[in-house]
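One structure is given here, and the rest of the page talks about it.
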Amino acid sequence: MHRSLCNIYHSLPAIEQGVSTCVLIVSLQMPDASTSVRRRIRAVGRTFRELKMIARGVVSRDHPIQVHIIPMRRCNLSCAYCNEYDDVSQPVPLEEMYRRIDKLAALGTTLITISGGETLLHPQLDDIIRRIRSHGILAGLITNGYLLTPQRIRQLNAAGLDHLQISIDNVQPDDISKKSLKVLDKKLQWLKEHAEFHVNINSVIGAGVKNQWDVVTIGKRAVELGFTSTVGIIHDGTGQLKPLSEGAQQVFREMKKLGKHSYARFNQFQNNIALGRPNNWRCRAGSRYLYICEDGLVHYCSQQRGYPAIPLSEYTVGDIRREYHTEKSCAPNCTISCVHQTSLVDFWRDPQSLPSHQVFRPATTQSPELVQIESRSQESVMAD
Ligand code: SF4
Ligand code: SF4
């Protein structure tokens, strides 16, 4: 998946000006004044709710902070590195999605990110977003952006979407990925013009696209449009570390320069991943972070599907407490930054005393997959 819209703690300062000069020359349509005002008002409200979420996370350990939920496994693209889509599955019925969201609300969840597959293929996506927001939960969406139109963006505004992430892999489409700036730049301009929610552009290092420096072009374009930008790094089929080549590390360093003021706050985890070094942290997957697949089962994360694989309808505070205290043997070499960021809130407390389940099998295929490892932002952002 255009992975890992995950950065919930990133209230980061603006990237410095003057980093534009993208290879694509476009005429920028500015948002009209009323859209701009509504966007600012919503940003203030969203920031307030995010601060509340973090405060609640610190006070209580018994609820999920962030959940990724899959209403649609099917995708209209087929990126070569992806192990999170198929071409056949049907949308999860709306009533079932309502039941799952209501259950997550009852567990006290503070942020739900809708992921896939391609989320915009779900015919009742806006109703799903509305249901999330009706519980006062922050609503995020990850999409490949292909189906975005001005009207669709306005519908997402009306549904109450808080955050949206698009992942762009290259400047020109190639055999690895069709999520290119060439195809998606028009969508980004529409988002600039119409979106009242926060937009993040994720780009990836190590995906195998023809020109790895495309990542920097994409990052600069995101900044130019006023969006936040994150960079992902390739991992193997179990979410584990794949050290970057020297060339890819140069790209990584260049991306850090784009967001150097904010980067220092979060850099050690990302730096270690880029250098192929293990991290020392406590993964709270299954507790503070949940991944709910299309079958309604709770998994640790997208790359550790199968654990604990308990139906969400049967998931209890007891499960949350058990997994909170369960060590994850895959943690040192994990690259799933959304879970890492979610787990940060408890880093300072409660060493994990229950032993890991040990066995870590690959998710659906052996293909490597992407995760987000860094965020830089002009306002609070979330996950993916
Ligand atoms: S990474 Fe590509 S194939 Fe996978 S879900 Fe996203 S758009 Fe679809
Ligand atoms: S450490 Fe946690 S997030 Fe990372 S792969 Fe293992 S279970 Fe998933």
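Just so we're on the same page: first chain in the structure tokens is A, next is B, and so on; residues restart at 1 for each chain, and ligands are numbered from 1 in the order they show up.
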
* Residues up to 12 Å from ligand 1, counting only C-alpha atoms and all ligand atoms: could you list those as a PyMOL selection string? => chain A and resi 1-5+70+72-87+114-121+142-147+165-169+175-180+202-204+207+232+234+302+367-371+384

For the selection just defined, write its residues with C-alpha atoms to a file, as an mmCIF file, in the first residue's frame.
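Final file, part-v6.cif:
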data_model
loop_
_atom_site.group_PDB
_atom_site.id
_atom_site.type_symbol
_atom_site.label_atom_id
_atom_site.label_comp_id
_atom_site.auth_asym_id
_atom_site.auth_seq_id
_atom_site.Cartn_x
_atom_site.Cartn_y
_atom_site.Cartn_z
ATOM 1 C CA MET A 1 0.000 0.000 0.000
ATOM 2 C CA HIS A 2 1.040 3.620 -0.499
ATOM 3 C CA ARG A 3 1.967 2.956 3.003
ATOM 4 C CA SER A 4 1.795 4.283 6.312
ATOM 5 C CA LEU A 5 0.013 7.432 6.872
ATOM 6 C CA ILE A 70 -9.118 -2.068 5.485
ATOM 7 C CA MET A 72 -11.290 -2.629 0.381
ATOM 8 C CA ARG A 73 -8.387 -4.946 -0.464
ATOM 9 C CA ARG A 74 -8.785 -4.533 -4.211
ATOM 10 C CA CYS A 75 -6.634 -1.977 -6.009
ATOM 11 C CA ASN A 76 -6.798 -0.358 -9.450
ATOM 12 C CA LEU A 77 -2.985 -0.428 -9.676
ATOM 13 C CA SER A 78 -0.428 -3.180 -9.201
ATOM 14 C CA CYS A 79 2.816 -1.726 -7.883
ATOM 15 C CA ALA A 80 5.640 -4.252 -8.132
ATOM 16 C CA TYR A 81 6.733 -3.938 -4.483
ATOM 17 C CA CYS A 82 3.262 -4.144 -2.898
ATOM 18 C CA ASN A 83 1.963 -7.084 -0.834
ATOM 19 C CA GLU A 84 -1.247 -5.447 0.351
ATOM 20 C CA TYR A 85 -3.694 -5.637 -2.528
ATOM 21 C CA ASP A 86 -5.580 -8.031 -4.800
ATOM 22 C CA ASP A 87 -7.622 -7.595 -7.994
ATOM 23 C CA ILE A 114 -8.633 3.910 6.260
ATOM 24 C CA SER A 115 -6.204 1.923 4.172
ATOM 25 C CA GLY A 116 -6.245 -0.706 1.430
ATOM 26 C CA GLY A 117 -6.063 -1.725 -1.439
ATOM 27 C CA GLU A 118 -7.406 1.412 -2.991
ATOM 28 C CA THR A 119 -9.744 3.070 -0.554
ATOM 29 C CA LEU A 120 -11.515 5.308 -3.080
ATOM 30 C CA LEU A 121 -12.891 2.169 -4.779
ATOM 31 C CA ILE A 142 -4.558 6.582 2.308
ATOM 32 C CA THR A 143 -5.122 6.571 -1.446
ATOM 33 C CA ASN A 144 -3.172 6.282 -4.670
ATOM 34 C CA GLY A 145 -5.071 9.396 -5.770
ATOM 35 C CA TYR A 146 -6.052 8.140 -9.219
ATOM 36 C CA LEU A 147 -9.785 8.614 -8.604
ATOM 37 C CA GLN A 165 -2.000 10.704 2.202
ATOM 38 C CA ILE A 166 -0.962 10.024 -1.363
ATOM 39 C CA SER A 167 2.180 8.111 -2.118
ATOM 40 C CA ILE A 168 4.124 9.096 -5.240
ATOM 41 C CA ASP A 169 6.990 6.863 -6.281
ATOM 42 C CA ASP A 175 7.430 -0.902 -14.538
ATOM 43 C CA ILE A 176 7.694 -0.662 -10.771
ATOM 44 C CA SER A 177 5.021 1.941 -10.148
ATOM 45 C CA LYS A 178 2.461 4.040 -11.997
ATOM 46 C CA LYS A 179 2.122 6.413 -9.057
ATOM 47 C CA SER A 180 4.076 9.124 -10.797
ATOM 48 C CA ASN A 202 4.725 10.178 0.773
ATOM 49 C CA SER A 203 7.655 9.235 -1.430
ATOM 50 C CA VAL A 204 9.900 6.254 -1.213
ATOM 51 C CA ALA A 207 11.522 0.970 -4.303
ATOM 52 C CA GLY A 232 9.510 5.875 3.103
ATOM 53 C CA ILE A 234 11.812 -0.292 1.407
ATOM 54 C CA SER A 302 0.418 -4.870 7.855
ATOM 55 C CA SER A 367 7.583 -8.865 -2.130
ATOM 56 C CA PRO A 368 9.193 -6.011 -0.310
ATOM 57 C CA GLU A 369 6.941 -3.240 0.799
ATOM 58 C CA LEU A 370 7.217 0.365 1.716
ATOM 59 C CA VAL A 371 6.834 2.116 4.961
ATOM 60 C CA ASP A 384 0.803 5.730 7.122
#

* Hey, what does DSSP flag as strand (DSSP E) within stretch 32-149 of chain A? Can you give it to me as a list in words? -> Gln66, Val67, His68, Ile69, Ile70, Pro71, Met72, Leu111, Ile112, Thr113, Ile114, Ser115, Gly116, Leu138, Ala139, Gly140, Leu141, Ile142 and Thr143 of chain A

* Counting only C-alpha atoms, the option among A:Val209, A:Ala106, A:Ala139, A:Leu188 closest to A:Phe227 -> A:Leu188

* Rounded to one decimal in Å, what is the spacing between atom CA of A:Val223 and atom CA of A:Ile201? ->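 The value is 9.1 Å.
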
Using only C-alpha atoms and all ligand atoms, what table do you get, as JSON lines, when you list each residue of chain A with an atom no more than 9 Å from ligand 2, its nearest pair of atoms, and their distance in Å rounded to one decimal, rows by chain then rising number?
{"residue": "A:Thr238", "atom": "CA", "partner": "ligand 2", "partner_atom_place_in_ligand_line": "5 (S)", "distance": 6.3}
{"residue": "A:Gly239", "atom": "CA", "partner": "ligand 2", "partner_atom_place_in_ligand_line": "5 (S)", "distance": 4.9}
{"residue": "A:Gln240", "atom": "CA", "partner": "ligand 2", "partner_atom_place_in_ligand_line": "5 (S)", "distance": 6.5}
{"residue": "A:Trp281", "atom": "CA", "partner": "ligand 2", "partner_atom_place_in_ligand_line": "1 (S)", "distance": 8.7}
{"residue": "A:Arg282", "atom": "CA", "partner": "ligand 2", "partner_atom_place_in_ligand_line": "1 (S)", "distance": 7.8}
{"residue": "A:Cys283", "atom": "CA", "partner": "ligand 2", "partner_atom_place_in_ligand_line": "2 (Fe)", "distance": 4.8}
{"residue": "A:Arg284", "atom": "CA", "partner": "ligand 2", "partner_atom_place_in_ligand_line": "2 (Fe)", "distance": 6.8}
{"residue": "A:Ala285", "atom": "CA", "partner": "ligand 2", "partner_atom_place_in_ligand_line": "2 (Fe)", "distance": 5.3}
{"residue": "A:Gly286", "atom": "CA", "partner": "ligand 2", "partner_atom_place_in_ligand_line": "7 (S)", "distance": 8.0}
{"residue": "A:Tyr289", "atom": "CA", "partner": "ligand 2", "partner_atom_place_in_ligand_line": "3 (S)", "distance": 8.5}
{"residue": "A:His299", "atom": "CA", "partner": "ligand 2", "partner_atom_place_in_ligand_line": "7 (S)", "distance": 8.4}
{"residue": "A:Tyr300", "atom": "CA", "partner": "ligand 2", "partner_atom_place_in_ligand_line": "7 (S)", "distance": 4.9}
{"residue": "A:Cys301", "atom": "CA", "partner": "ligand 2", "partner_atom_place_in_ligand_line": "8 (Fe)", "distance": 4.6}
{"residue": "A:Ser302", "atom": "CA", "partner": "ligand 2", "partner_atom_place_in_ligand_line": "8 (Fe)", "distance": 7.0}
{"residue": "A:Gln303", "atom": "CA", "partner": "ligand 2", "partner_atom_place_in_ligand_line": "5 (S)", "distance": 5.8}
{"residue": "A:Gln304", "atom": "CA", "partner": "ligand 2", "partner_atom_place_in_ligand_line": "8 (Fe)", "distance": 5.3}
{"residue": "A:Arg305", "atom": "CA", "partner": "ligand 2", "partner_atom_place_in_ligand_line": "8 (Fe)", "distance": 8.5}
{"residue": "A:Tyr307", "atom": "CA", "partner": "ligand 2", "partner_atom_place_in_ligand_line": "7 (S)", "distance": 8.2}
{"residue": "A:Glu327", "atom": "CA", "partner": "ligand 2", "partner_atom_place_in_ligand_line": "1 (S)", "distance": 8.7}
{"residue": "A:Lys328", "atom": "CA", "partner": "ligand 2", "partner_atom_place_in_ligand_line": "1 (S)", "distance": 5.5}
{"residue": "A:Ser329", "atom": "CA", "partner": "ligand 2", "partner_atom_place_in_ligand_line": "6 (Fe)", "distance": 6.9}
{"residue": "A:Cys330", "atom": "CA", "partner": "ligand 2", "partner_atom_place_in_ligand_line": "6 (Fe)", "distance": 4.4}
{"residue": "A:Ala331", "atom": "CA", "partner": "ligand 2", "partner_atom_place_in_ligand_line": "1 (S)", "distance": 3.5}
{"residue": "A:Pro332", "atom": "CA", "partner": "ligand 2", "partner_atom_place_in_ligand_line": "1 (S)", "distance": 7.1}
{"residue": "A:Asn333", "atom": "CA", "partner": "ligand 2", "partner_atom_place_in_ligand_line": "1 (S)", "distance": 7.5}
{"residue": "A:Cys334", "atom": "CA", "partner": "ligand 2", "partner_atom_place_in_ligand_line": "4 (Fe)", "distance": 4.4}
{"residue": "A:Thr335", "atom": "CA", "partner": "ligand 2", "partner_atom_place_in_ligand_line": "4 (Fe)", "distance": 6.3}
{"residue": "A:Ile336", "atom": "CA", "partner": "ligand 2", "partner_atom_place_in_ligand_line": "3 (S)", "distance": 5.2}
{"residue": "A:Ser337", "atom": "CA", "partner": "ligand 2", "partner_atom_place_in_ligand_line": "3 (S)", "distance": 7.5}
{"residue": "A:Cys338", "atom": "CA", "partner": "ligand 2", "partner_atom_place_in_ligand_line": "3 (S)", "distance": 7.8}
{"residue": "A:Val339", "atom": "CA", "partner": "ligand 2", "partner_atom_place_in_ligand_line": "3 (S)", "distance": 5.1}
{"residue": "A:His340", "atom": "CA", "partner": "ligand 2", "partner_atom_place_in_ligand_line": "3 (S)", "distance": 6.8}
{"residue": "A:Phe360", "atom": "CA", "partner": "ligand 2", "partner_atom_place_in_ligand_line": "6 (Fe)", "distance": 8.1}

Expected file contents, prior selection, N, CA and C atoms, as a short mmCIF file (atom, residue, chain, number, x, y, z; two decimals), in the first residue's frame:
data_model
loop_
_atom_site.label_atom_id
_atom_site.label_comp_id
_atom_site.auth_asym_id
_atom_site.auth_seq_id
_atom_site.Cartn_x
_atom_site.Cartn_y
_atom_site.Cartn_z
N THR A 238 8.43 -9.05 5.75
CA THR A 238 7.98 -9.13 7.14
C THR A 238 8.16 -7.79 7.85
N GLY A 239 8.40 -6.75 7.07
CA GLY A 239 8.55 -5.42 7.69
C GLY A 239 9.94 -5.18 8.22
N GLN A 240 10.89 -6.06 7.90
CA GLN A 240 12.22 -5.95 8.48
C GLN A 240 13.17 -5.17 7.58
N TRP A 281 13.47 -0.22 21.01
CA TRP A 281 12.16 0.36 21.33
C TRP A 281 11.19 -0.76 21.71
N ARG A 282 10.03 -0.37 22.24
CA ARG A 282 9.01 -1.35 22.63
C ARG A 282 7.82 -1.22 21.70
N CYS A 283 7.63 -2.23 20.88
CA CYS A 283 6.50 -2.20 19.94
C CYS A 283 5.21 -2.51 20.69
N ARG A 284 4.24 -1.60 20.62
CA ARG A 284 2.96 -1.82 21.32
C ARG A 284 1.86 -2.23 20.35
N ALA A 285 2.26 -2.89 19.24
CA ALA A 285 1.26 -3.39 18.29
C ALA A 285 0.34 -4.39 19.00
N GLY A 286 -0.93 -4.40 18.58
CA GLY A 286 -1.93 -5.26 19.23
C GLY A 286 -2.52 -4.58 20.45
N TYR A 289 -1.57 0.20 18.88
CA TYR A 289 -1.76 0.23 17.43
C TYR A 289 -2.39 -1.10 17.01
N HIS A 299 -4.63 -7.63 13.70
CA HIS A 299 -3.25 -8.08 13.49
C HIS A 299 -2.31 -7.05 14.09
N TYR A 300 -1.06 -7.47 14.31
CA TYR A 300 -0.07 -6.53 14.84
C TYR A 300 0.13 -5.35 13.89
N CYS A 301 0.38 -5.66 12.61
CA CYS A 301 0.64 -4.59 11.65
C CYS A 301 0.48 -5.20 10.25
N SER A 302 0.64 -4.38 9.22
CA SER A 302 0.42 -4.87 7.86
C SER A 302 1.39 -5.99 7.49
N GLN A 303 2.56 -6.00 8.09
CA GLN A 303 3.58 -6.99 7.74
C GLN A 303 3.63 -8.16 8.71
N GLN A 304 2.85 -8.12 9.76
CA GLN A 304 2.75 -9.24 10.70
C GLN A 304 1.30 -9.66 10.82
N ARG A 305 0.68 -9.87 9.69
CA ARG A 305 -0.69 -10.38 9.70
C ARG A 305 -0.66 -11.83 10.15
N TYR A 307 -1.03 -12.41 13.64
CA TYR A 307 -0.82 -12.27 15.08
C TYR A 307 -1.52 -11.02 15.56
N GLU A 327 6.52 -8.59 24.40
CA GLU A 327 7.68 -8.17 23.61
C GLU A 327 7.50 -8.66 22.16
N LYS A 328 7.97 -7.88 21.19
CA LYS A 328 7.91 -8.29 19.78
C LYS A 328 9.35 -8.52 19.32
N SER A 329 9.65 -9.75 18.97
CA SER A 329 11.04 -10.07 18.64
C SER A 329 11.49 -9.41 17.35
N CYS A 330 10.53 -8.95 16.55
CA CYS A 330 10.89 -8.28 15.28
C CYS A 330 11.17 -6.79 15.48
N ALA A 331 11.04 -6.30 16.72
CA ALA A 331 11.15 -4.85 16.94
C ALA A 331 12.52 -4.25 16.55
N PRO A 332 13.64 -4.88 16.92
CA PRO A 332 14.92 -4.19 16.65
C PRO A 332 15.12 -3.84 15.18
N ASN A 333 14.71 -4.71 14.28
CA ASN A 333 14.93 -4.44 12.85
C ASN A 333 13.66 -4.02 12.12
N CYS A 334 12.68 -3.58 12.86
CA CYS A 334 11.40 -3.16 12.26
C CYS A 334 11.55 -1.79 11.60
N THR A 335 10.82 -1.61 10.49
CA THR A 335 10.85 -0.31 9.81
C THR A 335 9.46 0.35 9.77
N ILE A 336 8.50 -0.23 10.49
CA ILE A 336 7.12 0.28 10.40
C ILE A 336 6.99 1.51 11.30
N SER A 337 7.22 2.66 10.73
CA SER A 337 7.36 3.85 11.57
C SER A 337 6.06 4.28 12.21
N CYS A 338 4.91 3.95 11.58
CA CYS A 338 3.65 4.38 12.20
C CYS A 338 3.47 3.70 13.55
N VAL A 339 3.86 2.44 13.65
CA VAL A 339 3.73 1.74 14.94
C VAL A 339 4.77 2.28 15.92
N HIS A 340 5.94 2.55 15.40
CA HIS A 340 6.98 3.13 16.26
C HIS A 340 6.52 4.45 16.84
N PHE A 360 7.94 -15.13 12.87
CA PHE A 360 7.53 -14.03 12.02
C PHE A 360 7.56 -14.47 10.58
#

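Comparing the minimum interatomic distances between A:Glu96 and each of A:Val298, A:Ile218, A:Leu312, A:Leu184, counting only C-alpha atoms, we find that A:Leu312 sits nearest.
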
Please run DSSP on the backbone and report, as a CSV table (one decimal) with C-alpha atoms, in the first residue's frame, all residues within stretch 110-332 of chain A that come out as helix (DSSP H, G or I).
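Below is the file part.csv, written as the result:
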chain,number,residue,atom,x,y,z
A,119,THR,CA,-9.7,3.1,-0.6
A,120,LEU,CA,-11.5,5.3,-3.1
A,121,LEU,CA,-12.9,2.2,-4.8
A,125,LEU,CA,-16.3,5.5,1.7
A,126,ASP,CA,-17.8,8.8,2.7
A,127,ASP,CA,-20.3,7.1,5.0
A,128,ILE,CA,-17.4,5.2,6.6
A,129,ILE,CA,-15.6,8.5,7.3
A,130,ARG,CA,-18.8,10.1,8.7
A,131,ARG,CA,-19.2,7.2,11.1
A,132,ILE,CA,-15.7,7.6,12.3
A,133,ARG,CA,-16.2,11.3,12.9
A,134,SER,CA,-19.5,10.7,14.5
A,150,PRO,CA,-12.5,18.3,-7.6
A,151,GLN,CA,-16.0,17.0,-6.8
A,152,ARG,CA,-14.6,13.9,-5.0
A,153,ILE,CA,-12.3,16.2,-2.9
A,154,ARG,CA,-15.3,18.4,-1.9
A,155,GLN,CA,-17.2,15.3,-0.9
A,156,LEU,CA,-14.4,14.2,1.3
A,157,ASN,CA,-14.4,17.7,2.9
A,158,ALA,CA,-18.1,17.3,3.6
A,159,ALA,CA,-17.7,13.8,5.1
A,181,LEU,CA,4.2,12.9,-10.5
A,182,LYS,CA,3.4,13.1,-14.1
A,183,VAL,CA,0.0,11.4,-13.6
A,184,LEU,CA,-0.8,12.8,-10.2
A,185,ASP,CA,0.4,16.4,-10.3
A,186,LYS,CA,-3.0,17.5,-11.6
A,187,LYS,CA,-4.6,15.8,-8.6
A,188,LEU,CA,-2.3,17.6,-6.3
A,189,GLN,CA,-3.2,20.9,-7.8
A,190,TRP,CA,-6.9,20.0,-7.2
A,191,LEU,CA,-6.1,19.2,-3.6
A,192,LYS,CA,-4.3,22.5,-3.2
A,193,GLU,CA,-7.4,24.2,-4.6
A,194,HIS,CA,-10.2,22.3,-2.8
A,214,ASP,CA,12.9,11.3,-8.1
A,215,VAL,CA,12.1,11.2,-4.3
A,216,VAL,CA,13.7,14.6,-3.8
A,217,THR,CA,11.8,16.1,-6.8
A,218,ILE,CA,8.6,14.8,-5.3
A,219,GLY,CA,9.4,16.1,-1.8
A,220,LYS,CA,10.2,19.5,-3.2
A,221,ARG,CA,6.9,19.5,-5.2
A,222,ALA,CA,5.0,18.7,-2.0
A,223,VAL,CA,6.6,21.6,-0.2
A,224,GLU,CA,6.0,23.9,-3.1
A,246,GLU,CA,25.2,4.4,-0.6
A,247,GLY,CA,23.3,6.1,-3.4
A,248,ALA,CA,20.0,5.8,-1.6
A,249,GLN,CA,21.5,7.1,1.6
A,250,GLN,CA,22.6,10.2,-0.3
A,251,VAL,CA,19.0,10.7,-1.4
A,252,PHE,CA,17.9,10.2,2.2
A,253,ARG,CA,20.4,12.9,3.4
A,254,GLU,CA,19.1,15.3,0.8
A,255,MET,CA,15.5,14.7,2.0
A,256,LYS,CA,16.6,15.4,5.5
A,257,LYS,CA,17.8,18.8,4.4
A,258,LEU,CA,14.3,19.7,3.1
A,260,LYS,CA,16.1,19.8,8.8
A,261,HIS,CA,14.4,21.9,11.5
A,262,SER,CA,11.9,19.2,12.2
A,263,TYR,CA,13.9,16.2,11.5
A,267,ASN,CA,15.7,11.3,13.6
A,268,GLN,CA,17.3,8.5,15.5
A,269,PHE,CA,14.8,5.8,14.5
A,270,GLN,CA,14.9,6.9,10.9
A,271,ASN,CA,18.6,7.3,10.8
A,272,ASN,CA,19.2,3.8,12.1
A,273,ILE,CA,16.9,2.4,9.5
A,274,ALA,CA,18.7,4.2,6.7
A,275,LEU,CA,22.0,2.9,8.0
A,312,LEU,CA,-12.2,-7.4,16.4
A,313,SER,CA,-15.7,-8.1,17.6
A,314,GLU,CA,-14.1,-10.3,20.4
A,317,VAL,CA,-9.2,-4.5,27.1
A,318,GLY,CA,-7.6,-7.8,28.3
A,319,ASP,CA,-6.2,-8.3,24.9
A,320,ILE,CA,-5.0,-4.7,24.7
A,321,ARG,CA,-3.2,-5.1,28.1
A,322,ARG,CA,-1.7,-8.5,27.2
A,323,GLU,CA,-0.2,-7.2,23.9
A,324,TYR,CA,1.0,-4.0,25.6

* Asked: For A:Ser245, which of A:Gly208, A:Pro64, A:Lys103, A:Thr113 is the closest residue, counting only C-alpha atoms?
  ->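 Result for the nearest residue to A:Ser245: A:Gly208.
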
* To do: Please indicate the distance in Å from atom CA of A:Gln352 to atom CA of A:Ile54, rounded to one decimal place.
  =>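 That distance, rounded to one decimal, is 21.2 Å.
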